[in-house]
$ cat my_file-v5.cif   # mmCIF, C-alpha atoms
data_upload
#
loop_
_atom_site.label_atom_id
_atom_site.label_comp_id
_atom_site.auth_asym_id
_atom_site.auth_seq_id
_atom_site.Cartn_x
_atom_site.Cartn_y
_atom_site.Cartn_z
CA MET A 249 -11.65 -6.15 -30.55
CA SER A 250 -11.28 -9.50 -28.79
CA LEU A 251 -7.99 -10.10 -27.04
CA PRO A 252 -6.81 -12.83 -24.64
CA LEU A 253 -5.82 -11.59 -21.19
CA CYS A 254 -2.14 -12.18 -21.87
CA ALA A 255 -2.16 -10.60 -25.34
CA VAL A 256 0.39 -7.94 -24.47
CA GLU A 257 3.52 -9.40 -22.91
CA PRO A 258 5.58 -7.41 -20.39
CA TRP A 259 9.22 -6.55 -20.88
CA VAL A 260 10.13 -8.86 -17.97
CA ASP A 261 8.18 -12.07 -17.52
CA VAL A 262 9.31 -14.45 -14.77
CA THR A 263 7.00 -17.26 -13.66
CA LEU A 264 7.11 -18.92 -10.24
CA PRO A 265 6.39 -22.62 -9.72
CA LYS A 266 2.96 -23.59 -8.40
CA PRO A 267 2.56 -22.89 -4.67
CA ILE A 268 1.15 -24.94 -1.81
CA VAL A 269 -2.57 -24.13 -1.72
CA LEU A 270 -4.29 -24.22 1.67
CA PRO A 271 -7.93 -23.53 2.58
CA GLY A 272 -8.52 -20.01 3.86
CA TYR A 273 -9.11 -21.02 7.48
CA GLU A 274 -5.89 -23.05 7.57
CA LEU A 275 -3.95 -20.10 6.17
CA ILE A 276 -5.44 -17.79 8.80
CA LEU A 277 -4.30 -20.17 11.55
CA PHE A 278 -0.89 -20.45 9.90
CA TYR A 279 -0.35 -16.68 9.73
CA ALA A 280 -1.68 -16.22 13.27
CA THR A 281 0.98 -18.67 14.45
CA VAL A 282 3.69 -16.92 12.45
CA LEU A 283 2.71 -13.51 13.88
CA LEU A 284 2.75 -14.92 17.40
CA ILE A 285 6.27 -16.25 16.79
CA ASP A 286 7.31 -12.83 15.43
CA TYR A 287 5.91 -11.09 18.48
CA THR A 288 7.70 -13.50 20.82
CA ILE A 289 11.01 -12.96 19.01
CA LEU A 290 10.71 -9.16 19.14
CA CYS A 291 9.79 -9.27 22.83
CA ASN A 292 13.02 -11.18 23.50
CA GLU A 293 15.20 -9.34 21.02
CA SER A 294 18.08 -8.70 23.44
CA ARG A 295 18.60 -12.46 23.80
CA ILE A 296 19.05 -13.01 20.07
CA PRO A 297 22.67 -12.83 18.78
CA LEU A 298 21.75 -10.52 15.90
CA THR A 299 21.79 -6.75 15.53
CA ALA A 300 18.47 -4.93 15.26
CA THR A 301 18.99 -4.45 11.53
CA GLN A 302 19.99 -8.06 10.90
CA LEU A 303 16.95 -9.36 12.77
CA ARG A 304 14.55 -7.12 10.85
CA VAL A 305 16.11 -7.97 7.49
CA LEU A 306 15.73 -11.66 8.33
CA MET A 307 12.09 -11.19 9.31
CA ALA A 308 11.45 -9.21 6.13
CA MET A 309 12.93 -12.02 4.04
CA VAL A 310 10.77 -14.60 5.81
CA HIS A 311 7.58 -12.62 5.26
CA ALA A 312 8.53 -11.96 1.64
CA THR A 313 9.04 -15.68 1.05
CA ILE A 314 6.01 -17.19 2.81
CA PRO A 315 3.34 -15.75 0.44
CA GLN A 316 5.28 -17.11 -2.53
CA ILE A 317 5.17 -20.65 -1.11
CA VAL A 318 1.79 -20.87 0.63
CA VAL A 319 -1.41 -19.32 -0.75
CA SER A 320 -5.18 -19.66 -0.53
CA PRO A 321 -7.33 -20.78 -3.50
CA ASN A 322 -8.69 -17.23 -3.89
CA VAL A 323 -6.41 -14.84 -5.78
CA SER A 324 -7.92 -11.68 -4.28
CA ASN A 325 -7.65 -13.03 -0.73
CA ASN A 326 -3.94 -13.64 -1.27
CA MET A 327 -3.40 -9.89 -1.50
CA PHE A 328 -4.71 -9.63 2.07
CA PHE A 329 -2.71 -12.65 3.27
CA ALA A 330 0.50 -11.16 1.87
CA ALA A 331 -0.13 -7.54 2.93
CA PHE A 332 -1.69 -7.69 6.40
CA PRO A 333 1.03 -9.75 8.14
CA TRP A 334 3.64 -7.45 6.58
CA PHE A 335 1.78 -4.41 7.92
CA VAL A 336 1.56 -5.87 11.45
CA VAL A 337 5.17 -7.07 11.58
CA SER A 338 6.52 -3.82 10.13
CA CYS A 339 4.73 -1.84 12.79
CA CYS A 340 5.76 -4.15 15.64
CA ALA A 341 9.37 -4.21 14.42
CA SER A 342 9.48 -0.42 14.75
CA LEU A 343 8.49 -0.57 18.44
CA PRO A 344 10.63 -1.43 21.50
CA LEU A 345 8.44 -4.42 22.41
CA GLU A 346 10.74 -5.52 25.24
CA ARG A 347 9.70 -2.39 27.13
CA LEU A 348 6.00 -2.47 26.28
CA THR A 349 3.08 -4.44 27.65
CA VAL A 350 0.60 -6.05 25.27
CA LYS A 351 -1.82 -3.17 25.94
CA GLN A 352 0.86 -0.55 25.23
CA THR A 353 1.80 -2.37 22.03
CA TYR A 354 -1.82 -2.39 20.89
CA ASP A 355 -2.18 1.32 21.69
CA ALA A 356 0.99 2.16 19.75
CA PHE A 357 -0.17 0.04 16.81
CA THR A 358 -3.61 1.63 16.63
CA LYS A 359 -2.14 5.15 16.65
CA ILE A 360 -1.18 4.52 13.04
CA ILE A 361 -4.83 4.26 11.98
CA LEU A 362 -6.47 6.41 14.67
CA ALA A 363 -6.83 10.12 14.11
CA PRO A 364 -4.78 12.33 16.49
CA GLU A 365 -7.91 13.87 18.02
CA PRO A 366 -9.47 13.70 21.48
CA LYS A 367 -12.14 11.06 22.00
CA VAL A 368 -15.65 12.51 21.63
CA GLU A 369 -17.97 9.51 21.70
CA ASN A 370 -21.09 10.87 20.00
CA ARG A 371 -19.19 12.71 17.29
CA ASN A 372 -16.95 9.71 16.62
CA ARG A 373 -19.93 7.38 16.23
CA TRP A 374 -21.57 9.85 13.86
CA GLU A 375 -18.40 10.18 11.77
CA GLY A 376 -18.19 6.38 11.67
CA CYS A 377 -21.67 6.31 10.12
CA VAL A 378 -20.53 8.94 7.61
CA LYS A 379 -17.60 6.71 6.60
CA VAL A 380 -19.95 3.77 6.04
CA VAL A 381 -22.27 5.89 3.89
CA ARG A 382 -19.34 7.32 1.94
CA GLY A 383 -17.87 3.87 1.30
CA THR A 384 -21.24 2.58 0.15
CA GLY A 385 -21.60 5.61 -2.13
CA LYS A 386 -18.22 4.86 -3.71
CA LEU A 387 -19.27 1.28 -4.51
CA ILE A 388 -22.56 2.47 -6.01
CA PHE A 389 -20.74 5.12 -8.09
CA LEU A 390 -18.33 2.42 -9.26
CA SER A 391 -21.06 0.08 -10.48
CA ARG A 392 -23.30 2.76 -11.99
CA CYS A 393 -20.89 5.34 -13.39
CA ILE A 394 -17.46 3.74 -13.92
CA GLU A 395 -17.96 0.06 -14.81
CA PRO A 396 -20.19 0.80 -17.85
CA TRP A 397 -17.32 2.75 -19.47
CA LEU A 398 -14.69 0.03 -18.99
CA PRO A 399 -14.04 -2.64 -21.64
CA LYS A 400 -15.16 -6.20 -20.87
CA ASN A 401 -11.67 -7.43 -21.66
CA ASN A 402 -9.30 -5.54 -19.37
CA ALA A 403 -6.29 -6.34 -21.54
CA TYR A 404 -7.73 -4.10 -24.25
CA LEU A 405 -6.02 -1.15 -22.55
CA LEU A 406 -2.64 -2.85 -22.93
CA SER A 407 -3.17 -3.23 -26.69
CA LEU A 408 -3.42 0.54 -27.16
CA PRO A 409 -0.44 2.83 -27.86
CA TRP A 410 0.85 4.19 -24.56
CA LEU A 411 -0.01 7.84 -25.23
CA ASP A 412 -3.22 7.18 -27.14
CA TRP A 413 -6.05 9.27 -25.68
CA LYS A 414 -8.14 6.13 -25.08
CA SER A 415 -5.26 4.58 -23.14
CA LEU A 416 -4.89 7.68 -20.96
CA VAL A 417 -8.62 7.96 -20.29
CA LEU A 418 -8.97 4.26 -19.47
CA THR A 419 -5.95 4.45 -17.15
CA VAL A 420 -7.64 7.24 -15.19
CA LEU A 421 -10.94 5.33 -15.14
CA TYR A 422 -9.25 2.18 -13.82
CA GLY A 423 -7.55 4.32 -11.18
CA ILE A 424 -10.93 5.71 -10.14
CA LYS A 425 -12.26 2.14 -10.09
CA GLY A 426 -9.54 1.11 -7.66
CA TYR A 427 -10.23 4.12 -5.46
CA CYS A 428 -13.98 3.44 -5.42
CA PHE A 429 -13.48 -0.28 -4.79
CA LEU A 430 -11.52 0.60 -1.67
CA GLY A 431 -14.76 2.02 -0.37
CA VAL A 432 -15.03 -1.35 1.35
CA VAL A 433 -12.18 -0.15 3.58
CA ASP A 434 -14.17 3.00 4.40
CA ILE A 435 -17.07 0.77 5.42
CA GLY A 436 -14.86 -1.40 7.63
CA MET A 437 -13.14 1.54 9.30
CA GLY A 438 -16.47 3.29 9.74
CA ILE A 439 -17.92 0.27 11.52
CA GLN A 440 -14.81 0.15 13.72
CA GLN A 441 -15.23 3.84 14.58
CA PHE A 442 -18.93 3.43 15.33
CA VAL A 443 -18.45 0.36 17.55
CA PHE A 444 -15.46 1.63 19.58
CA ALA A 445 -16.29 5.36 19.42
CA GLU A 446 -12.64 6.15 18.69
CA PRO A 447 -11.56 8.48 15.87
CA VAL A 448 -10.16 6.77 12.79
CA ILE A 449 -8.37 8.60 10.00
CA ASP A 450 -9.88 8.85 6.55
CA LEU A 451 -7.78 6.52 4.44
CA PHE A 452 -8.04 8.86 1.45
CA ASN A 453 -8.40 12.61 1.02
CA SER A 454 -9.80 13.35 -2.45
CA PRO A 455 -6.72 12.01 -4.29
CA ILE A 456 -8.00 13.16 -7.68
CA LEU A 457 -7.53 16.75 -6.47
CA SER A 458 -3.80 16.27 -5.83
CA SER A 459 -1.72 19.10 -7.25
CA SER A 460 1.63 17.29 -7.23
CA PRO A 461 3.19 13.86 -6.64
CA ARG A 462 4.10 14.81 -3.07
CA ASP A 463 0.59 16.09 -2.38
CA PHE A 464 -0.82 12.80 -3.66
CA TRP A 465 1.41 10.40 -1.74
CA SER A 466 1.96 12.40 1.46
CA ARG A 467 -1.51 13.77 2.09
CA ARG A 468 -4.16 12.05 0.02
CA TRP A 469 -3.50 8.38 -0.76
CA ASN A 470 -3.59 5.45 1.71
CA LYS A 471 -2.66 7.47 4.76
CA ALA A 472 -2.45 4.42 7.04
CA VAL A 473 0.43 2.93 5.03
CA ARG A 474 1.92 6.40 4.63
CA ASN A 475 1.91 6.81 8.42
CA LEU A 476 3.52 3.40 8.91
CA LEU A 477 6.31 4.05 6.41
CA HIS A 478 6.89 7.53 7.85
CA HIS A 479 7.12 6.00 11.33
CA ILE A 480 9.61 3.37 10.17
CA ILE A 481 11.81 5.57 7.99
CA PHE A 482 11.71 9.00 9.64
CA MET A 483 11.20 8.06 13.32
CA ARG A 484 14.03 5.59 13.59
CA ASP A 485 14.86 6.02 17.26
CA SER A 486 11.70 4.20 18.37
CA ARG A 487 12.99 1.00 16.81
CA PHE A 488 15.91 0.72 19.21
CA ASP A 489 15.69 -0.16 22.85
CA GLY A 490 18.38 0.43 25.45
CA THR A 491 20.16 -2.84 24.77
CA LYS A 492 20.71 -1.77 21.17
CA ALA A 493 22.27 1.65 21.87
CA LYS A 494 25.37 0.92 19.81
CA ASP A 495 23.22 -0.01 16.84
CA ALA A 496 21.32 3.25 17.20
CA LYS A 497 24.51 5.34 17.26
CA ARG A 498 25.93 3.59 14.20
CA HIS A 499 22.58 4.00 12.47
CA GLU A 500 22.42 7.73 13.13
CA LYS A 501 25.87 8.27 11.59
CA ALA A 502 24.81 6.56 8.37
CA VAL A 503 21.45 8.31 7.90
CA PRO A 504 21.10 9.89 4.41
CA SER A 505 19.00 12.96 3.64
CA LYS A 506 15.24 12.85 4.09
CA ASN A 507 14.72 13.20 0.34
CA ILE A 508 16.84 10.11 -0.31
CA LEU A 509 14.98 8.24 2.43
CA GLY A 510 11.71 9.27 0.82
CA LEU A 511 12.89 7.86 -2.52
CA LEU A 512 13.87 4.66 -0.71
CA VAL A 513 10.31 4.38 0.63
CA PHE A 514 8.97 4.30 -2.93
CA VAL A 515 11.49 1.67 -4.03
CA VAL A 516 10.60 -0.51 -1.02
CA SER A 517 6.91 -0.04 -1.82
CA GLY A 518 7.59 -1.10 -5.40
CA VAL A 519 9.37 -4.25 -4.24
CA PHE A 520 6.49 -5.00 -1.87
CA HIS A 521 3.92 -4.67 -4.66
CA GLU A 522 6.00 -6.96 -6.86
CA LEU A 523 5.85 -9.54 -4.07
CA LEU A 524 2.06 -9.13 -3.93
CA ILE A 525 1.81 -9.78 -7.66
CA LEU A 526 4.10 -12.79 -7.33
CA SER A 527 1.85 -14.23 -4.65
CA MET A 528 -1.38 -13.51 -6.54
CA PHE A 529 -0.39 -14.37 -10.12
CA ARG A 530 2.97 -16.22 -9.85
CA LYS A 531 4.40 -13.59 -12.19
CA MET A 532 7.15 -11.00 -11.81
CA THR A 533 7.14 -8.20 -14.40
CA LEU A 534 8.85 -5.33 -12.49
CA GLU A 535 6.13 -2.99 -13.77
CA ASN A 536 4.98 -2.03 -10.27
CA LEU A 537 8.59 -1.46 -9.21
CA THR A 538 8.99 0.83 -12.22
CA PHE A 539 5.80 2.71 -11.33
CA PHE A 540 6.76 3.38 -7.72
CA THR A 541 10.34 4.26 -8.62
CA LEU A 542 9.07 6.84 -11.12
CA GLN A 543 6.76 8.26 -8.45
CA GLY A 544 9.64 8.43 -5.98
CA ILE A 545 11.87 10.19 -8.51
CA ALA A 546 9.09 12.69 -9.22
CA VAL A 547 8.67 13.48 -5.51
CA TYR A 548 12.46 13.69 -5.06
CA VAL A 549 12.81 16.10 -7.99
CA GLN A 550 9.89 18.18 -6.73
CA LEU A 551 11.36 18.56 -3.24
CA THR A 552 14.89 19.16 -4.50
CA VAL A 553 13.82 21.84 -6.99
CA ARG A 554 11.58 23.51 -4.41
CA LYS A 555 14.45 23.69 -1.94
CA SER A 556 16.96 24.94 -4.52
CA ALA A 557 14.55 27.57 -5.84
CA GLY A 558 13.50 28.67 -2.37
CA TRP A 559 9.81 28.10 -3.05
CA THR A 560 7.41 28.01 -0.14
CA LYS A 561 5.70 24.81 1.02
CA GLU A 562 2.27 26.37 0.62
CA ASP A 563 -0.03 24.85 -1.99
CA SER A 564 -0.76 26.77 -5.17
CA GLN A 565 -4.08 28.58 -5.35
CA GLY A 566 -6.66 29.58 -7.93
CA LEU A 567 -5.96 28.96 -11.61
CA MET A 568 -2.41 27.78 -10.90
CA ARG A 569 -3.78 25.02 -8.67
CA VAL A 570 -6.21 23.93 -11.39
CA LEU A 571 -3.29 23.71 -13.85
CA CYS A 572 -1.21 21.75 -11.32
CA ILE A 573 -4.07 19.29 -10.75
CA GLY A 574 -4.43 18.80 -14.50
CA CYS A 575 -0.69 18.23 -14.97
CA HIS A 576 -0.53 15.75 -12.10
CA LEU A 577 -3.56 13.86 -13.41
CA MET A 578 -1.82 13.59 -16.78
CA PHE A 579 1.33 12.32 -15.04
CA LEU A 580 -0.70 9.59 -13.33
CA ALA A 581 -2.43 8.75 -16.63
CA VAL A 582 0.94 8.26 -18.32
CA THR A 583 2.70 6.34 -15.53
CA GLY A 584 -0.34 4.53 -14.08
CA ARG A 585 -0.26 1.92 -16.82
CA PHE A 586 2.84 0.45 -15.20
CA PHE A 587 0.84 -0.15 -12.02
CA LEU A 588 -2.30 -1.46 -13.70
CA ALA A 589 -0.68 -3.74 -16.29
CA PRO A 590 -0.15 -6.91 -14.18
CA TYR A 591 -3.71 -6.82 -12.82
CA LEU A 592 -5.26 -6.17 -16.23
CA ARG A 593 -3.13 -8.83 -17.89
CA TYR A 594 -3.40 -11.70 -15.41
CA TYR A 595 -6.54 -11.29 -13.33
CA ASP A 596 -9.38 -13.49 -14.54
CA PRO A 597 -12.14 -14.36 -12.03
CA THR A 598 -13.02 -17.49 -14.03
CA LYS A 599 -9.56 -18.97 -13.46
CA ASP A 600 -6.79 -19.03 -10.93
CA PRO A 601 -3.07 -19.14 -11.62
CA TYR A 602 -2.47 -22.08 -9.29
CA GLY A 603 -3.77 -24.83 -11.58
CA HIS A 604 -7.06 -25.44 -9.74
CA SER A 605 -10.65 -24.92 -10.77
CA PRO A 606 -12.39 -22.15 -8.84
CA SER A 607 -14.64 -23.35 -6.07
#

$ encode --input "my_file-v5.cif" --output "structure tokens"
Amino acid sequence: MSLPLCAVEPWVDVTLPKPIVLPGYELILFYATVLLIDYTILCNESRIPLTATQLRVLMAMVHATIPQIVVSPNVSNNMFFAAFPWFVVSCCASLPLERLTVKQTYDAFTKIILAPEPKVENRNRWEGCVKVVRGTGKLIFLSRCIEPWLPKNNAYLLSLPWLDWKSLVLTVLYGIKGYCFLGVVDIGMGIQQFVFAEPVIDLFNSPILSSSPRDFWSRRWNKAVRNLLHHIIFMRDSRFDGTKAKDAKRHEKAVPSKNILGLLVFVVSGVFHELLILSMFRKMTLENLTFFTLQGIAVYVQLTVRKSAGWTKEDSQGLMRVLCIGCHLMFLAVTGRFFLAPYLRYYDPTKDPYGHSPS
């Protein structure tokens, strides 16, 4: 069945105007300048007539707006240009930079991606090689075992009934494709670990074996971003220096429960992914926001029920664990279409959404 990429329209379909398109090297210089300005502002935060919260909200708005105005000609690269500066600024904004040297700031930043283990040079270099081999293996598995089962027209999935068995199977296969594709991150982090002989966390931990939404998002998927969000949301004191003591006290009084904060993390992540899609495809569909909100609600319900029922935090074992893994995989198969839809609908390597011919 032949379908155009935009055959299945989303419920919400908002299109942005064409952006300013800059060559990749110019955009790198531009973002480097912006990050330097951010760092300078945060190092002189006490001199700025804004509260800590107001300053960070303003910086968040700036970094949400820039990728919608200025992009590179390459759609895939724009995911990096939108995500990496956000990651760096979010981390720096959670640190008291006025009290830290550049070296201390770098050390605090790298703790998010470095494993909390003592430095053992030979072992770390060996584990770096293992990461490179594992990442390469994922890419080979993707090309040999997953790609042959996927339709040539990605939008075919979106033409199927939501609960059709083909739709569910293809959703899982596309999820595995995304996981295997991120083997390039394993390769990069493995090279970093080999060169510097410092331990680096494994970004993933067999996510397909997750037994629950919390197990998936807290322990197994993208642990670097998980660590960053946990640092920002649940370790709030580190964001305030001595000159902002009043802000800290007011903040502590207004802190909601950890479960509500956890749900907020998912909503923020959904908004962030919508901004990525806006930058890449100039489209807002709210499908990614829906996906992450559903995941957040699932985790919230799981934690709330566990607490009310007095269940232990220990993972299920044996046959019960197998059943839990199967149920969670089905949950991802049903909800994952919300996440995949914008990429399947709009991504076409032969075109770009900015009105230019590919170079």

$ residues_around --input "my_file-v5.cif" --residues "region 541-555 of chain A" --least-positions-apart "5" --cutoff "8 Å" --atoms "all atoms listed in the file" --output "list in words"
Pro461, Arg462, Asn507, Ile508, Gly510, Leu511, Leu512, Val513, Phe514, Val515, Gly518, Thr560 and Thr583 of chain A

$ closest_residue --input "my_file-v5.cif" --among "A:Lys471, A:Lys359, A:Arg392, A:His521" --to "Trp334 (chain A)" --atoms "only C-alpha atoms"
A:His521

$ residues_around --input "my_file-v5.cif" --residues "Leu523 (chain A)" --least-positions-apart "5" --cutoff "10 Å" --atoms "only C-alpha atoms" --output "list in words"
His311, Ala312, Thr313, Pro315, Gln316, Met327, Ala330, Ala331, Ser517, Gly518, Met528, Phe529, Arg530, Lys531, Met532, Leu534, Asn536 and Leu537 of chain A

$ closest_residue --input "my_file-v5.cif" --among "A:Leu306, A:Ser324, A:Ile480, A:Lys266" --to "Cys340 (chain A)" --atoms "only C-alpha atoms"
A:Ile480

$ atom_distance --input "my_file-v5.cif" --atom1 "CA of Trp469 (chain A)" --atom2 "CA of Val318 (chain A)"
29.8 Å

$ residues_around --input "my_file-v5.cif" --residues "Val319 (chain A)" --least-positions-apart "4" --cutoff "7 Å" --atoms "all atoms listed in the file" --output "number ranges by chain"
A: 267-270, 315, 326

$ resolve_selection --input "my_file-v5.cif" --expression "the PyMOL selection byres ((chain A and resi 593-595) around 7)" --output "MDAnalysis selection string"
chainID A and resid 253:254 403 529 589:592 596:597

$ write_last_selection --input "my_file-v5.cif" --atoms "C-alpha atoms" --output "mmCIF file, in the frame of the given file"
data_model
loop_
_atom_site.group_PDB
_atom_site.id
_atom_site.type_symbol
_atom_site.label_atom_id
_atom_site.label_comp_id
_atom_site.auth_asym_id
_atom_site.auth_seq_id
_atom_site.Cartn_x
_atom_site.Cartn_y
_atom_site.Cartn_z
ATOM 1 C CA LEU A 253 -5.820 -11.590 -21.190
ATOM 2 C CA CYS A 254 -2.140 -12.180 -21.870
ATOM 3 C CA ALA A 403 -6.290 -6.340 -21.540
ATOM 4 C CA PHE A 529 -0.390 -14.370 -10.120
ATOM 5 C CA ALA A 589 -0.680 -3.740 -16.290
ATOM 6 C CA PRO A 590 -0.150 -6.910 -14.180
ATOM 7 C CA TYR A 591 -3.710 -6.820 -12.820
ATOM 8 C CA LEU A 592 -5.260 -6.170 -16.230
ATOM 9 C CA ASP A 596 -9.380 -13.490 -14.540
ATOM 10 C CA PRO A 597 -12.140 -14.360 -12.030
#

$ residues_around --input "my_file-v5.cif" --residues "Glu293 (chain A)" --least-positions-apart "2" --cutoff "10 Å" --atoms "only C-alpha atoms" --output "mmCIF file with C-alpha atoms, in the frame of the given file"
data_model
loop_
_atom_site.group_PDB
_atom_site.id
_atom_site.type_symbol
_atom_site.label_atom_id
_atom_site.label_comp_id
_atom_site.auth_asym_id
_atom_site.auth_seq_id
_atom_site.Cartn_x
_atom_site.Cartn_y
_atom_site.Cartn_z
ATOM 1 C CA TYR A 287 5.910 -11.090 18.480
ATOM 2 C CA THR A 288 7.700 -13.500 20.820
ATOM 3 C CA ILE A 289 11.010 -12.960 19.010
ATOM 4 C CA LEU A 290 10.710 -9.160 19.140
ATOM 5 C CA CYS A 291 9.790 -9.270 22.830
ATOM 6 C CA ARG A 295 18.600 -12.460 23.800
ATOM 7 C CA ILE A 296 19.050 -13.010 20.070
ATOM 8 C CA PRO A 297 22.670 -12.830 18.780
ATOM 9 C CA LEU A 298 21.750 -10.520 15.900
ATOM 10 C CA THR A 299 21.790 -6.750 15.530
ATOM 11 C CA ALA A 300 18.470 -4.930 15.260
ATOM 12 C CA LEU A 303 16.950 -9.360 12.770
ATOM 13 C CA PRO A 344 10.630 -1.430 21.500
ATOM 14 C CA LEU A 345 8.440 -4.420 22.410
ATOM 15 C CA GLU A 346 10.740 -5.520 25.240
ATOM 16 C CA ASP A 489 15.690 -0.160 22.850
ATOM 17 C CA THR A 491 20.160 -2.840 24.770
ATOM 18 C CA LYS A 492 20.710 -1.770 21.170
#

$ residues_near_point --input "my_file-v5.cif" --point "(-9.2, 2.5, -10.3)" --cutoff "12 Å" --atoms "only C-alpha atoms" --output "VMD selection string"
chain A and resid 386 to 387 390 394 to 395 398 417 to 431 455 to 456 580 to 581 584 to 585 587 to 588 591 to 592

$ write_last_selection --input "my_file-v5.cif" --atoms "C-alpha atoms" --output "PDB file, in the coordinates of the input"
ATOM      1  CA  LYS A 386     -18.220   4.860  -3.710  1.00  0.00           C
ATOM      2  CA  LEU A 387     -19.270   1.280  -4.510  1.00  0.00           C
ATOM      3  CA  LEU A 390     -18.330   2.420  -9.260  1.00  0.00           C
ATOM      4  CA  ILE A 394     -17.460   3.740 -13.920  1.00  0.00           C
ATOM      5  CA  GLU A 395     -17.960   0.060 -14.810  1.00  0.00           C
ATOM      6  CA  LEU A 398     -14.690   0.030 -18.990  1.00  0.00           C
ATOM      7  CA  VAL A 417      -8.620   7.960 -20.290  1.00  0.00           C
ATOM      8  CA  LEU A 418      -8.970   4.260 -19.470  1.00  0.00           C
ATOM      9  CA  THR A 419      -5.950   4.450 -17.150  1.00  0.00           C
ATOM     10  CA  VAL A 420      -7.640   7.240 -15.190  1.00  0.00           C
ATOM     11  CA  LEU A 421     -10.940   5.330 -15.140  1.00  0.00           C
ATOM     12  CA  TYR A 422      -9.250   2.180 -13.820  1.00  0.00           C
ATOM     13  CA  GLY A 423      -7.550   4.320 -11.180  1.00  0.00           C
ATOM     14  CA  ILE A 424     -10.930   5.710 -10.140  1.00  0.00           C
ATOM     15  CA  LYS A 425     -12.260   2.140 -10.090  1.00  0.00           C
ATOM     16  CA  GLY A 426      -9.540   1.110  -7.660  1.00  0.00           C
ATOM     17  CA  TYR A 427     -10.230   4.120  -5.460  1.00  0.00           C
ATOM     18  CA  CYS A 428     -13.980   3.440  -5.420  1.00  0.00           C
ATOM     19  CA  PHE A 429     -13.480  -0.280  -4.790  1.00  0.00           C
ATOM     20  CA  LEU A 430     -11.520   0.600  -1.670  1.00  0.00           C
ATOM     21  CA  GLY A 431     -14.760   2.020  -0.370  1.00  0.00           C
ATOM     22  CA  PRO A 455      -6.720  12.010  -4.290  1.00  0.00           C
ATOM     23  CA  ILE A 456      -8.000  13.160  -7.680  1.00  0.00           C
ATOM     24  CA  LEU A 580      -0.700   9.590 -13.330  1.00  0.00           C
ATOM     25  CA  ALA A 581      -2.430   8.750 -16.630  1.00  0.00           C
ATOM     26  CA  GLY A 584      -0.340   4.530 -14.080  1.00  0.00           C
ATOM     27  CA  ARG A 585      -0.260   1.920 -16.820  1.00  0.00           C
ATOM     28  CA  PHE A 587       0.840  -0.150 -12.020  1.00  0.00           C
ATOM     29  CA  LEU A 588      -2.300  -1.460 -13.700  1.00  0.00           C
ATOM     30  CA  TYR A 591      -3.710  -6.820 -12.820  1.00  0.00           C
ATOM     31  CA  LEU A 592      -5.260  -6.170 -16.230  1.00  0.00           C
TER      32      LEU A 592
END

$ closest_residue --input "my_file-v5.cif" --among "A:Leu567, A:Phe579, A:Gly376, A:Val516" --to "Leu411 (chain A)" --atoms "all atoms listed in the file"
A:Phe579

$ closest_residue --input "my_file-v5.cif" --among "A:Cys339, A:Ile573, A:Lys351, A:Leu509" --to "Phe464 (chain A)" --atoms "all atoms listed in the file"
A:Ile573

$ atom_distance --input "my_file-v5.cif" --atom1 "CA of Trp413 (chain A)" --atom2 "CA of Leu457 (chain A)"
20.7 Å

$ atom_distance --input "my_file-v5.cif" --atom1 "CA of Leu451 (chain A)" --atom2 "CA of Cys393 (chain A)"
22.2 Å

$ resolve_selection --input "my_file-v5.cif" --expression "the PyMOL selection byres ((chain A and resi 279) around 12)" --output "MDAnalysis selection string"
chainID A and resid 270 272:278 280:286 310:311 314:315 318:320 326 328:334 336:337

$ resolve_selection --input "my_file-v5.cif" --expression "the PyMOL selection byres ((chain A and resi 446) around 6)" --output "list in words"
Lys367, Asn372, Gln441, Phe444, Ala445 and Pro447 of chain A

$ closest_residue --input "my_file-v5.cif" --among "A:Leu408, A:Met437, A:Leu526, A:Val350" --to "Asp450 (chain A)" --atoms "all atoms listed in the file"
A:Met437

$ closest_residue --input "my_file-v5.cif" --among "A:Arg467, A:Gly436, A:Gly558, A:Phe586" --to "Thr533 (chain A)" --atoms "only C-alpha atoms"
A:Phe586
